[in-house]
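The structure under discussion appears below in the form of structure tokens.
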Amino acid sequence: MMTFLSHSGFRVAILQLTVTADKPSNVAVAVERIQKSKISGCSLAILPECFNAPYDTALFRQYAEVIPGGQTCNALSQAAKSNQIYIVGGSIPEICDGKVYNTCTVWDPNGDLIAKHRKVLFIYVHLFDVSIPGSTCFKESDAMSAGNTLNTFQFGKFKIGLGICYDIRFSEMAALYRKQGCDMLIYPGAFCTEIGPLHWSLLTRFRAMENQAFVAVVSPARVTDSSYVAWGHSMIVDPWGKVLCEATEKDMDLYIDFDFGIRENIRQQIPTEYQRRTDMYDTIYMTNKINS
């Protein structure tokens, strides 16, 4: 376990967990690590993408559950309430009306579900369909449906925007969250070992810098004999684009103390929010849902 302390303020836990084929065990480990993060003074705990099930298109439907009534959600709700902590539940396979979604849930200290984000947004999908010759070939669209809404939640006086993995590649989505006043963006994600070394940190730093917001990306730990090998390297980046804390590929937790005053200082020093030429270009948020 690694602990990084930066500035005074509330403390966030990034939990980079090892995911196995044993769903009850995965959930139990997540709950245990949430409890440890609360003992260490954290107010918010963030889990990885697909933390309760292998990241495998052939298995998504098998592991899928109803939200919020399923086993994993019940466990997260109870963990949030008993530990008096906010939980961003990474993502889990969700079953709804016969469709399977890759879904992130957020729980408040009362154990209530306060936000849900399905990967992913816009008129077309952001599902992870990638083919790298001689390496990774993975098509989420073979097994999952896409979400169609932007989703945020309130953490005290701060607003946090949600994305999942491939969502981070779309700057338009992050810009819309900035327009909605988000102070932080969270992307549970599982980049593969071919793409991760080049794009994981780069995309995270870009989204932080261009939107002058904190950005957290949370990966599962690397399991080299799995069908899909995750890059790991969960991290939090500040609004300057500086990496505050980064995990290795191993199973580990990061604890980071936050001071959102840094974000406000940066926005005042480089006031891009007020310098945008919206008469020439803009990103428009459609308030109506887009049919998937």
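Following the order of the structure tokens, chains are lettered A, B, ..., residues in each are numbered from 1, and ligands are numbered from 1.
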
>> Can you pull out the residues contacting stretch 33-47 of chain A? Cut-off 8 Å, using only C-alpha atoms, and skip same-chain residues under 4 positions away; I want them as JSON, numbers by chain.
In response: {"A": [10, 11, 12, 13, 14, 15, 16, 17, 29, 51, 79, 83, 84, 85, 86, 87, 88, 89, 90, 91, 188, 218, 219, 255]}

>> Using DSSP secondary structure from the backbone, list all strand (DSSP E) positions within stretch 105-254 of chain A, as number ranges by chain.
In response: A: 105-107, 113-118, 129-131, 137-139, 152-155, 158-162, 184-188, 214-218, 235-237, 243-246, 252-254

> Can you list, as a PyMOL selection string, every protein, DNA or RNA residue that comes within 8 Å of stretch 193-209 of chain A when you count only C-alpha atoms, leaving out same-chain residues fewer than 4 positions away?
Replying inline: chain A and resi 135-136+168-169+171+174+213-217+229-231+237-243

Please, could you write that set of residues out with C-alpha atoms as a PDB file, in the first residue's frame?
```pdb
ATOM      1  CA  SER A 135      -1.777  -7.945 -30.139  1.00  0.00           C
ATOM      2  CA  THR A 136      -5.080  -6.847 -28.575  1.00  0.00           C
ATOM      3  CA  ILE A 168     -11.490   9.759 -21.564  1.00  0.00           C
ATOM      4  CA  ARG A 169     -10.487   9.902 -25.246  1.00  0.00           C
ATOM      5  CA  SER A 171     -12.352  15.870 -25.094  1.00  0.00           C
ATOM      6  CA  ALA A 174     -14.834  16.501 -20.586  1.00  0.00           C
ATOM      7  CA  ALA A 213      -9.807  20.108 -13.142  1.00  0.00           C
ATOM      8  CA  PHE A 214      -8.486  17.221 -11.095  1.00  0.00           C
ATOM      9  CA  VAL A 215      -8.688  13.912 -12.962  1.00  0.00           C
ATOM     10  CA  ALA A 216      -8.550  10.432 -11.433  1.00  0.00           C
ATOM     11  CA  VAL A 217      -8.158   7.236 -13.465  1.00  0.00           C
ATOM     12  CA  VAL A 229      -4.185  -7.719 -19.286  1.00  0.00           C
ATOM     13  CA  ALA A 230      -4.768  -4.296 -17.705  1.00  0.00           C
ATOM     14  CA  TRP A 231      -2.048  -1.648 -17.652  1.00  0.00           C
ATOM     15  CA  VAL A 237      -3.529  14.505 -11.933  1.00  0.00           C
ATOM     16  CA  ASP A 238      -3.980  18.111 -10.809  1.00  0.00           C
ATOM     17  CA  PRO A 239      -5.326  21.008 -12.954  1.00  0.00           C
ATOM     18  CA  TRP A 240      -1.768  21.929 -14.017  1.00  0.00           C
ATOM     19  CA  GLY A 241      -1.421  18.500 -15.618  1.00  0.00           C
ATOM     20  CA  LYS A 242       0.943  17.339 -12.862  1.00  0.00           C
ATOM     21  CA  VAL A 243       0.734  13.711 -11.757  1.00  0.00           C
TER      22      VAL A 243
END
```

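When only C-alpha atoms are used to measure the gap to A:Leu176, the shortest distance among A:Val100, A:Phe60, A:Glu249, A:Thr283 belongs to A:Thr283.
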
> Could you work out how far atom CA of A:Lys157 lies from atom CA of A:Pro68, giving the answer in Å with one decimal?
Replying inline: 25.5 Å

> as an MDAnalysis selection string, which residues of stretch 13-240 of chain A does DSSP assign to alpha helix (DSSP H)?
Replying inline: chainID A and resid 23:39 60:63 71:83 171:179 196:211

>> Can you pull out the residues contacting A:Cys73? Cut-off 10 Å, using only C-alpha atoms, and skip same-chain residues under 3 positions away; I want them as a VMD selection string.
In response: chain A and resid 27 65 to 70 76 to 79 89 92 105 to 107 111 113

Just write the chosen residues, all heavy atoms, as a compact mmCIF listing (two decimals), in the first residue's frame.
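Written output follows (part-v3.txt):
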```
# COMPACT_ATOMS: atom_id res chain seq x y z
N VAL A 27 -15.94 -8.73 -4.58
CA VAL A 27 -16.76 -7.75 -3.86
C VAL A 27 -16.30 -7.65 -2.41
O VAL A 27 -16.20 -6.54 -1.85
CB VAL A 27 -18.25 -8.13 -3.95
CG1 VAL A 27 -19.09 -7.20 -3.08
CG2 VAL A 27 -18.72 -8.08 -5.40
N GLU A 65 -25.64 -7.89 -13.29
CA GLU A 65 -26.66 -7.85 -12.26
C GLU A 65 -27.49 -6.58 -12.38
O GLU A 65 -27.10 -5.62 -13.05
CB GLU A 65 -26.04 -7.95 -10.87
CG GLU A 65 -25.12 -6.80 -10.51
CD GLU A 65 -24.47 -7.00 -9.14
OE1 GLU A 65 -23.65 -7.92 -8.99
OE2 GLU A 65 -24.80 -6.21 -8.23
N VAL A 66 -28.63 -6.62 -11.73
CA VAL A 66 -29.53 -5.48 -11.74
C VAL A 66 -28.97 -4.38 -10.83
O VAL A 66 -28.40 -4.66 -9.77
CB VAL A 66 -30.94 -5.90 -11.26
CG1 VAL A 66 -31.85 -4.68 -11.12
CG2 VAL A 66 -31.55 -6.92 -12.21
N ILE A 67 -29.12 -3.14 -11.26
CA ILE A 67 -28.76 -1.98 -10.44
C ILE A 67 -30.03 -1.22 -10.10
O ILE A 67 -30.82 -0.91 -10.99
CB ILE A 67 -27.76 -1.07 -11.19
CG1 ILE A 67 -26.40 -1.79 -11.35
CG2 ILE A 67 -27.58 0.26 -10.46
CD1 ILE A 67 -25.37 -1.00 -12.14
N PRO A 68 -30.30 -0.97 -8.79
CA PRO A 68 -29.39 -1.14 -7.66
C PRO A 68 -29.62 -2.39 -6.82
O PRO A 68 -29.08 -2.49 -5.71
CB PRO A 68 -29.70 0.09 -6.82
CG PRO A 68 -31.17 0.29 -6.99
CD PRO A 68 -31.47 -0.14 -8.42
N GLY A 69 -30.38 -3.35 -7.28
CA GLY A 69 -30.79 -4.45 -6.41
C GLY A 69 -29.87 -5.63 -6.35
O GLY A 69 -30.13 -6.59 -5.61
N GLY A 70 -28.76 -5.63 -7.09
CA GLY A 70 -27.89 -6.79 -7.16
C GLY A 70 -26.93 -6.92 -5.99
O GLY A 70 -26.82 -6.04 -5.14
N LEU A 76 -21.97 -2.42 -1.79
CA LEU A 76 -21.44 -1.06 -1.83
C LEU A 76 -22.30 -0.11 -1.01
O LEU A 76 -21.78 0.78 -0.31
CB LEU A 76 -21.35 -0.57 -3.27
CG LEU A 76 -20.32 -1.27 -4.17
CD1 LEU A 76 -20.32 -0.64 -5.56
CD2 LEU A 76 -18.92 -1.22 -3.56
N SER A 77 -23.60 -0.26 -1.09
CA SER A 77 -24.50 0.57 -0.30
C SER A 77 -24.24 0.40 1.19
O SER A 77 -24.13 1.38 1.94
CB SER A 77 -25.96 0.21 -0.62
OG SER A 77 -26.85 0.91 0.23
N GLN A 78 -24.10 -0.85 1.62
CA GLN A 78 -23.84 -1.12 3.03
C GLN A 78 -22.47 -0.61 3.45
O GLN A 78 -22.30 -0.05 4.54
CB GLN A 78 -23.95 -2.62 3.30
CG GLN A 78 -23.74 -3.00 4.76
CD GLN A 78 -24.72 -2.32 5.69
OE1 GLN A 78 -25.91 -2.22 5.39
NE2 GLN A 78 -24.23 -1.82 6.82
N ALA A 79 -21.47 -0.75 2.57
CA ALA A 79 -20.12 -0.28 2.89
C ALA A 79 -20.10 1.24 3.03
O ALA A 79 -19.42 1.79 3.92
CB ALA A 79 -19.14 -0.72 1.80
N GLY A 89 -18.22 3.40 -7.43
CA GLY A 89 -18.12 1.95 -7.56
C GLY A 89 -17.52 1.48 -8.86
O GLY A 89 -18.05 0.53 -9.46
N ILE A 92 -19.43 -2.10 -13.10
CA ILE A 92 -19.83 -3.50 -13.09
C ILE A 92 -20.71 -3.76 -14.31
O ILE A 92 -21.32 -2.82 -14.85
CB ILE A 92 -20.60 -3.88 -11.80
CG1 ILE A 92 -21.94 -3.13 -11.72
CG2 ILE A 92 -19.76 -3.61 -10.57
CD1 ILE A 92 -22.83 -3.59 -10.58
N THR A 105 -21.54 3.18 -10.49
CA THR A 105 -22.50 3.66 -9.49
C THR A 105 -21.77 4.51 -8.46
O THR A 105 -20.57 4.31 -8.20
CB THR A 105 -23.20 2.50 -8.78
OG1 THR A 105 -22.21 1.68 -8.12
CG2 THR A 105 -24.00 1.66 -9.76
N VAL A 106 -22.49 5.46 -7.86
CA VAL A 106 -21.93 6.31 -6.81
C VAL A 106 -22.87 6.27 -5.61
O VAL A 106 -24.09 6.43 -5.75
CB VAL A 106 -21.75 7.77 -7.28
CG1 VAL A 106 -21.11 8.61 -6.18
CG2 VAL A 106 -20.90 7.83 -8.55
N TRP A 107 -22.29 6.10 -4.42
CA TRP A 107 -23.04 5.92 -3.18
C TRP A 107 -22.62 6.97 -2.16
O TRP A 107 -21.42 7.26 -2.01
CB TRP A 107 -22.80 4.51 -2.62
CG TRP A 107 -23.08 3.46 -3.65
CD1 TRP A 107 -22.22 2.97 -4.60
CD2 TRP A 107 -24.33 2.81 -3.88
NE1 TRP A 107 -22.84 2.05 -5.39
CE2 TRP A 107 -24.14 1.92 -4.98
CE3 TRP A 107 -25.58 2.86 -3.26
CZ2 TRP A 107 -25.17 1.12 -5.47
CZ3 TRP A 107 -26.60 2.06 -3.74
CH2 TRP A 107 -26.39 1.19 -4.83
N GLY A 111 -25.70 5.46 2.21
CA GLY A 111 -25.90 4.23 1.47
C GLY A 111 -26.82 4.38 0.28
O GLY A 111 -27.26 3.38 -0.31
N LEU A 113 -27.90 5.48 -3.59
CA LEU A 113 -27.36 5.61 -4.94
C LEU A 113 -27.64 7.03 -5.42
O LEU A 113 -28.79 7.43 -5.59
CB LEU A 113 -28.02 4.60 -5.87
CG LEU A 113 -27.59 4.62 -7.33
CD1 LEU A 113 -26.13 4.24 -7.50
CD2 LEU A 113 -28.49 3.69 -8.16
```

>> Measuring between only C-alpha atoms, which one of A:Ile270, A:Ile284, A:Ala115, A:Ile236 shows the shortest distance to A:Lys179?
In response: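 The closest residue to A:Lys179 is A:Ile284.
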
>> Just to confirm, what's the straight-line distance from atom CA of A:Asp56 to atom CA of A:Asp97 in Å (one decimal)?
In response: 21.0 Å

> Which is closest to A:Met252 among A:Ala75, A:Lys119, A:Gly232, A:Phe191, if we use only C-alpha atoms?
Replying inline: A:Gly232
